[in-house]
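A.B. asks: Below is a structure I'd like to ask you about.
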Amino acid sequence: MRWADEMAERRGLDVEWTRQAVGQAVFLRQVPRLMLPPARGTAKNWRAYRSRFVEPLRIRAGARFWQRNRNALARAQAEFGVPPEIVVGIIGVETIYGQNMGNFRVIDALATLSFDFPPEHPRAAERQAYFSGELEQFLSLCQRSGMAPAQPLGSYAGAMGLPQFMPSSWVKYAIDFDGDGQIDLWASEPDAIGSVANYFKGYGWQSGLPTHYPVQLSPEADLDALLAPDILPTFSPERFEALGAELDAAGRAHAGPLALIELQNGGDEPSYVAGTQNFYVITRYNWSSYYAMAVIELGQAVAQALGR
């Protein structure tokens, strides 16, 4: 209640409304442990991860989604520069095109993570502050839009709708793309499409730029130097190759910086690609190179299924 009072004062909201909204939140016992990172020594496996997302069910659902929304996808590409396959990949990985948008009350998830974030998490204070900010954004959004705070459903982390936007992303990037005068990321596929494209544009998506290039590592490649910047594009193509990462002709002609993306395959040899700024932009949606590659390859698989 003290948090509700302070938040109401910060946002200029009615104190009683804010107290009543926060007071409806229920502690979700299973949610804090879902926030904990995997145990140390858990091997990452790109092939296993990929198989969860680039699979026949999602590809068929993605083809139907693309066909239903081809005009909205084309308009989003024209306005924001983001190709249809990237938008289709995101919504497919996130919710299987609306089939799984989450069944947790958003207010319960956000309140649980704001007030009972697991203290054993290595970044507990930072993450708890993040979710407290998201709860504040959610309640402000409800107050402005007339949504009942206890009504919206989403993920265990409070992400909402077809594209699984957190409240701060909804406030900043969600748009009315179907022209009906309201933003609805649960029921309006065009709104979801336009909002995802707007999100990527906001994070610096460059129209026409590939997401990645193939790469071959020479035996003497300086992996420590190449992997030091993680997924942040840092190296010119010339420096990239000087460190032992060999590019194809398109990669060598690339004008911007590159990052070496390592995808571990359990006990087998890792896979590598050269990521561009647009690959990095996809990781702003979910800070994982595995996630970004799954989005890219699901979108490509859907496009291939449609003969594009």
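Labels used: A, B, ... for chains in the order of the structure tokens, numbers from 1 for residues in each chain, and numbers from 1 for ligands as shown.
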Using only C-alpha atoms, which residues sit within 12 Å of Arg70 of chain A once same-chain residues fewer than 2 positions away are excluded, as a PDB file with N, CA, C and O atoms, in the first residue's frame?

C.D. replies:
```pdb
ATOM      1  N   GLY A  62       2.219 -20.064 -39.087  1.00  0.00           N
ATOM      2  CA  GLY A  62       2.832 -18.849 -39.614  1.00  0.00           C
ATOM      3  C   GLY A  62       2.416 -18.557 -41.042  1.00  0.00           C
ATOM      4  O   GLY A  62       2.193 -17.394 -41.408  1.00  0.00           O
ATOM      5  N   ALA A  63       2.292 -19.600 -41.846  1.00  0.00           N
ATOM      6  CA  ALA A  63       1.860 -19.410 -43.237  1.00  0.00           C
ATOM      7  C   ALA A  63       0.430 -18.862 -43.276  1.00  0.00           C
ATOM      8  O   ALA A  63       0.124 -17.955 -44.067  1.00  0.00           O
ATOM      9  N   ARG A  64      -0.444 -19.402 -42.425  1.00  0.00           N
ATOM     10  CA  ARG A  64      -1.819 -18.885 -42.372  1.00  0.00           C
ATOM     11  C   ARG A  64      -1.839 -17.432 -41.906  1.00  0.00           C
ATOM     12  O   ARG A  64      -2.571 -16.589 -42.446  1.00  0.00           O
ATOM     13  N   PHE A  65      -1.032 -17.126 -40.887  1.00  0.00           N
ATOM     14  CA  PHE A  65      -0.955 -15.760 -40.349  1.00  0.00           C
ATOM     15  C   PHE A  65      -0.475 -14.795 -41.432  1.00  0.00           C
ATOM     16  O   PHE A  65      -1.031 -13.704 -41.609  1.00  0.00           O
ATOM     17  N   TRP A  66       0.567 -15.183 -42.161  1.00  0.00           N
ATOM     18  CA  TRP A  66       1.126 -14.325 -43.220  1.00  0.00           C
ATOM     19  C   TRP A  66       0.076 -14.083 -44.310  1.00  0.00           C
ATOM     20  O   TRP A  66      -0.104 -12.943 -44.768  1.00  0.00           O
ATOM     21  N   GLN A  67      -0.618 -15.145 -44.722  1.00  0.00           N
ATOM     22  CA  GLN A  67      -1.623 -14.996 -45.783  1.00  0.00           C
ATOM     23  C   GLN A  67      -2.772 -14.095 -45.340  1.00  0.00           C
ATOM     24  O   GLN A  67      -3.247 -13.262 -46.114  1.00  0.00           O
ATOM     25  N   ARG A  68      -3.200 -14.250 -44.077  1.00  0.00           N
ATOM     26  CA  ARG A  68      -4.283 -13.404 -43.546  1.00  0.00           C
ATOM     27  C   ARG A  68      -3.878 -11.938 -43.495  1.00  0.00           C
ATOM     28  O   ARG A  68      -4.710 -11.046 -43.638  1.00  0.00           O
ATOM     29  N   ALA A  72      -1.075  -5.946 -44.179  1.00  0.00           N
ATOM     30  CA  ALA A  72      -0.516  -5.279 -42.995  1.00  0.00           C
ATOM     31  C   ALA A  72       0.992  -5.494 -42.920  1.00  0.00           C
ATOM     32  O   ALA A  72       1.749  -4.575 -42.564  1.00  0.00           O
ATOM     33  N   LEU A  73       1.458  -6.698 -43.267  1.00  0.00           N
ATOM     34  CA  LEU A  73       2.898  -6.980 -43.247  1.00  0.00           C
ATOM     35  C   LEU A  73       3.636  -6.149 -44.296  1.00  0.00           C
ATOM     36  O   LEU A  73       4.718  -5.610 -44.030  1.00  0.00           O
ATOM     37  N   ALA A  74       3.041  -6.010 -45.471  1.00  0.00           N
ATOM     38  CA  ALA A  74       3.662  -5.202 -46.522  1.00  0.00           C
ATOM     39  C   ALA A  74       3.691  -3.728 -46.114  1.00  0.00           C
ATOM     40  O   ALA A  74       4.685  -3.019 -46.355  1.00  0.00           O
ATOM     41  N   ARG A  75       2.624  -3.261 -45.490  1.00  0.00           N
ATOM     42  CA  ARG A  75       2.571  -1.859 -45.055  1.00  0.00           C
ATOM     43  C   ARG A  75       3.580  -1.601 -43.945  1.00  0.00           C
ATOM     44  O   ARG A  75       4.244  -0.560 -43.903  1.00  0.00           O
ATOM     45  N   ALA A  76       3.732  -2.567 -43.037  1.00  0.00           N
ATOM     46  CA  ALA A  76       4.718  -2.422 -41.960  1.00  0.00           C
ATOM     47  C   ALA A  76       6.133  -2.350 -42.534  1.00  0.00           C
ATOM     48  O   ALA A  76       6.969  -1.558 -42.071  1.00  0.00           O
ATOM     49  N   GLN A  77       6.410  -3.158 -43.562  1.00  0.00           N
ATOM     50  CA  GLN A  77       7.729  -3.099 -44.191  1.00  0.00           C
ATOM     51  C   GLN A  77       7.942  -1.754 -44.870  1.00  0.00           C
ATOM     52  O   GLN A  77       9.024  -1.152 -44.771  1.00  0.00           O
ATOM     53  N   PRO A  83      11.230  -6.497 -42.583  1.00  0.00           N
ATOM     54  CA  PRO A  83      10.630  -7.472 -43.505  1.00  0.00           C
ATOM     55  C   PRO A  83       9.566  -8.332 -42.820  1.00  0.00           C
ATOM     56  O   PRO A  83       9.647  -8.602 -41.615  1.00  0.00           O
ATOM     57  N   PRO A  84       8.574  -8.801 -43.600  1.00  0.00           N
ATOM     58  CA  PRO A  84       7.523  -9.640 -43.030  1.00  0.00           C
ATOM     59  C   PRO A  84       8.046 -10.851 -42.272  1.00  0.00           C
ATOM     60  O   PRO A  84       7.516 -11.210 -41.219  1.00  0.00           O
ATOM     61  N   GLU A  85       9.117 -11.496 -42.785  1.00  0.00           N
ATOM     62  CA  GLU A  85       9.569 -12.734 -42.140  1.00  0.00           C
ATOM     63  C   GLU A  85      10.095 -12.494 -40.724  1.00  0.00           C
ATOM     64  O   GLU A  85      10.026 -13.393 -39.871  1.00  0.00           O
ATOM     65  N   VAL A  87       8.875 -10.070 -38.588  1.00  0.00           N
ATOM     66  CA  VAL A  87       7.669  -9.879 -37.765  1.00  0.00           C
ATOM     67  C   VAL A  87       6.969 -11.216 -37.550  1.00  0.00           C
ATOM     68  O   VAL A  87       6.556 -11.547 -36.426  1.00  0.00           O
ATOM     69  N   VAL A  88       6.846 -12.003 -38.618  1.00  0.00           N
ATOM     70  CA  VAL A  88       6.200 -13.319 -38.523  1.00  0.00           C
ATOM     71  C   VAL A  88       6.996 -14.234 -37.593  1.00  0.00           C
ATOM     72  O   VAL A  88       6.422 -14.975 -36.780  1.00  0.00           O
ATOM     73  N   GLU A 189      -4.481  -8.502 -35.060  1.00  0.00           N
ATOM     74  CA  GLU A 189      -3.215  -8.930 -35.662  1.00  0.00           C
ATOM     75  C   GLU A 189      -2.499  -7.768 -36.346  1.00  0.00           C
ATOM     76  O   GLU A 189      -1.275  -7.632 -36.203  1.00  0.00           O
ATOM     77  N   PRO A 190      -3.202  -6.873 -37.064  1.00  0.00           N
ATOM     78  CA  PRO A 190      -2.493  -5.718 -37.632  1.00  0.00           C
ATOM     79  C   PRO A 190      -1.838  -4.833 -36.570  1.00  0.00           C
ATOM     80  O   PRO A 190      -0.714  -4.352 -36.780  1.00  0.00           O
ATOM     81  N   ILE A 193       1.348  -6.512 -35.590  1.00  0.00           N
ATOM     82  CA  ILE A 193       2.345  -6.426 -36.667  1.00  0.00           C
ATOM     83  C   ILE A 193       2.987  -5.042 -36.694  1.00  0.00           C
ATOM     84  O   ILE A 193       4.216  -4.895 -36.702  1.00  0.00           O
ATOM     85  N   ALA A 303       8.400 -18.288 -44.877  1.00  0.00           N
ATOM     86  CA  ALA A 303       8.500 -17.713 -46.224  1.00  0.00           C
ATOM     87  C   ALA A 303       8.705 -18.813 -47.273  1.00  0.00           C
ATOM     88  O   ALA A 303       8.105 -18.805 -48.346  1.00  0.00           O
ATOM     89  N   LEU A 306       5.619 -20.693 -48.105  1.00  0.00           N
ATOM     90  CA  LEU A 306       4.722 -19.921 -48.973  1.00  0.00           C
ATOM     91  C   LEU A 306       5.316 -19.687 -50.347  1.00  0.00           C
ATOM     92  O   LEU A 306       4.720 -19.003 -51.178  1.00  0.00           O
TER      93      LEU A 306
END
```

A.B. asks: Among the residues of segment 16-165 of chain A, find those DSSP assigns to alpha helix (DSSP H) from the backbone and print them as an NGL selection string.

C.D. replies: :A and (16-23 or 31-34 or 46-53 or 56-68 or 70-80 or 84-95 or 106-115 or 124-145)

A.B. asks: Just the residues within 12 Å of segment 4-15 of chain A, please, counting only C-alpha atoms, with nothing from its chain fewer than 2 positions along; format it as a compact mmCIF listing (two decimals) with N, CA and C atoms, in the first residue's frame.

C.D. replies:
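The result, written out as part14.txt:
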```
# COMPACT_ATOMS: atom_id res chain seq x y z
N MET A 1 0.83 -1.20 0.00
CA MET A 1 0.00 0.00 0.00
C MET A 1 0.87 1.26 0.00
N ARG A 2 2.02 1.19 0.69
CA ARG A 2 2.92 2.34 0.67
C ARG A 2 3.43 2.58 -0.75
N TRP A 17 -8.03 4.61 -6.20
CA TRP A 17 -8.02 3.71 -7.37
C TRP A 17 -6.75 2.87 -7.39
N THR A 18 -5.62 3.52 -7.13
CA THR A 18 -4.33 2.81 -7.17
C THR A 18 -4.25 1.76 -6.07
N ARG A 19 -4.70 2.12 -4.86
CA ARG A 19 -4.70 1.15 -3.76
C ARG A 19 -5.60 -0.04 -4.07
N GLN A 20 -6.76 0.25 -4.62
CA GLN A 20 -7.70 -0.83 -4.94
C GLN A 20 -7.11 -1.75 -6.02
N ALA A 21 -6.44 -1.14 -7.03
CA ALA A 21 -5.84 -1.94 -8.11
C ALA A 21 -4.75 -2.85 -7.56
N VAL A 22 -3.82 -2.28 -6.79
CA VAL A 22 -2.72 -3.08 -6.24
C VAL A 22 -3.27 -4.12 -5.26
N GLY A 23 -4.31 -3.75 -4.53
CA GLY A 23 -4.89 -4.66 -3.54
C GLY A 23 -5.52 -5.90 -4.13
N GLN A 24 -5.78 -5.88 -5.45
CA GLN A 24 -6.37 -7.06 -6.11
C GLN A 24 -5.31 -8.10 -6.46
N ALA A 25 -4.04 -7.72 -6.39
CA ALA A 25 -2.97 -8.63 -6.82
C ALA A 25 -2.83 -9.80 -5.86
N ALA A 111 3.10 -7.85 -9.72
CA ALA A 111 3.18 -7.58 -8.28
C ALA A 111 4.05 -8.63 -7.58
N SER A 114 7.55 -7.71 -8.34
CA SER A 114 7.92 -6.42 -7.74
C SER A 114 8.19 -6.53 -6.25
N PHE A 115 7.38 -7.33 -5.56
CA PHE A 115 7.45 -7.36 -4.09
C PHE A 115 8.06 -8.65 -3.54
N SER A 132 9.11 -3.57 -10.76
CA SER A 132 8.37 -2.51 -10.08
C SER A 132 8.02 -1.39 -11.06
N GLY A 133 8.99 -1.05 -11.93
CA GLY A 133 8.72 -0.06 -12.97
C GLY A 133 7.67 -0.53 -13.96
N GLU A 134 7.69 -1.82 -14.29
CA GLU A 134 6.69 -2.37 -15.22
C GLU A 134 5.29 -2.37 -14.58
N LEU A 135 5.21 -2.67 -13.29
CA LEU A 135 3.92 -2.61 -12.60
C LEU A 135 3.37 -1.18 -12.64
N GLU A 136 4.23 -0.22 -12.42
CA GLU A 136 3.81 1.18 -12.47
C GLU A 136 3.32 1.55 -13.87
N GLN A 137 4.05 1.12 -14.89
CA GLN A 137 3.63 1.39 -16.27
C GLN A 137 2.29 0.71 -16.58
N PHE A 138 2.13 -0.52 -16.09
CA PHE A 138 0.89 -1.26 -16.34
C PHE A 138 -0.31 -0.55 -15.72
N LEU A 139 -0.19 -0.12 -14.47
CA LEU A 139 -1.31 0.55 -13.81
C LEU A 139 -1.62 1.89 -14.47
N SER A 140 -0.58 2.61 -14.87
CA SER A 140 -0.81 3.88 -15.58
C SER A 140 -1.52 3.64 -16.91
N LEU A 141 -1.11 2.57 -17.62
CA LEU A 141 -1.75 2.21 -18.88
C LEU A 141 -3.22 1.87 -18.66
N CYS A 142 -3.51 1.09 -17.63
CA CYS A 142 -4.89 0.73 -17.32
C CYS A 142 -5.72 1.97 -17.03
N GLN A 143 -5.15 2.88 -16.25
CA GLN A 143 -5.90 4.08 -15.86
C GLN A 143 -6.20 4.94 -17.09
N ARG A 144 -5.23 5.06 -18.00
CA ARG A 144 -5.42 5.91 -19.18
C ARG A 144 -6.37 5.27 -20.20
```

A.B. asks: Could you name the residues that touch segment 264-279 of chain A at 10 Å or less, counting only C-alpha atoms, but leaving out those on the same chain fewer than 6 positions away, as a PyMOL selection string?

C.D. replies: chain A and resi 42-49+82+200+203-217+231-235+237+240+245-247+251+254-258+289-290+292-293+296

A.B. asks: Compile the contact shell of Phe53 of chain A as a PyMOL selection string: residues with an atom at most 7 Å away, counting only C-alpha atoms, same-chain residues fewer than 2 positions apart removed.

C.D. replies: chain A and resi 50-51+55+58+93+294+298

A.B. asks: Would you mind exporting the chosen residues as a CSV table (one decimal), in the first residue's frame, restricted to N, CA, C and O atoms?

C.D. replies:
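And here's out_21.csv as it stands now:
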```
chain,number,residue,atom,x,y,z
A,50,ARG,N,16.4,-24.7,-31.3
A,50,ARG,CA,15.8,-24.4,-32.6
A,50,ARG,C,14.6,-25.4,-32.9
A,50,ARG,O,13.6,-24.9,-33.4
A,51,SER,N,14.8,-26.6,-32.5
A,51,SER,CA,13.7,-27.6,-32.8
A,51,SER,C,12.4,-27.3,-32.1
A,51,SER,O,11.4,-27.8,-32.5
A,55,GLU,N,9.4,-25.7,-36.4
A,55,GLU,CA,8.8,-27.0,-36.4
A,55,GLU,C,7.5,-26.9,-37.2
A,55,GLU,O,7.0,-25.8,-37.3
A,58,ARG,N,4.3,-24.6,-36.0
A,58,ARG,CA,4.5,-23.1,-36.1
A,58,ARG,C,4.6,-22.7,-37.5
A,58,ARG,O,4.2,-21.6,-37.9
A,93,VAL,N,7.4,-17.2,-32.6
A,93,VAL,CA,8.2,-17.7,-31.4
A,93,VAL,C,7.5,-17.3,-30.1
A,93,VAL,O,7.5,-18.1,-29.2
A,294,ALA,N,16.4,-18.2,-33.8
A,294,ALA,CA,15.2,-18.9,-33.9
A,294,ALA,C,14.1,-18.1,-34.6
A,294,ALA,O,13.4,-18.6,-35.5
A,298,LEU,N,12.7,-19.3,-38.2
A,298,LEU,CA,11.3,-19.6,-38.3
A,298,LEU,C,10.7,-18.7,-39.4
A,298,LEU,O,9.9,-19.2,-40.2
```
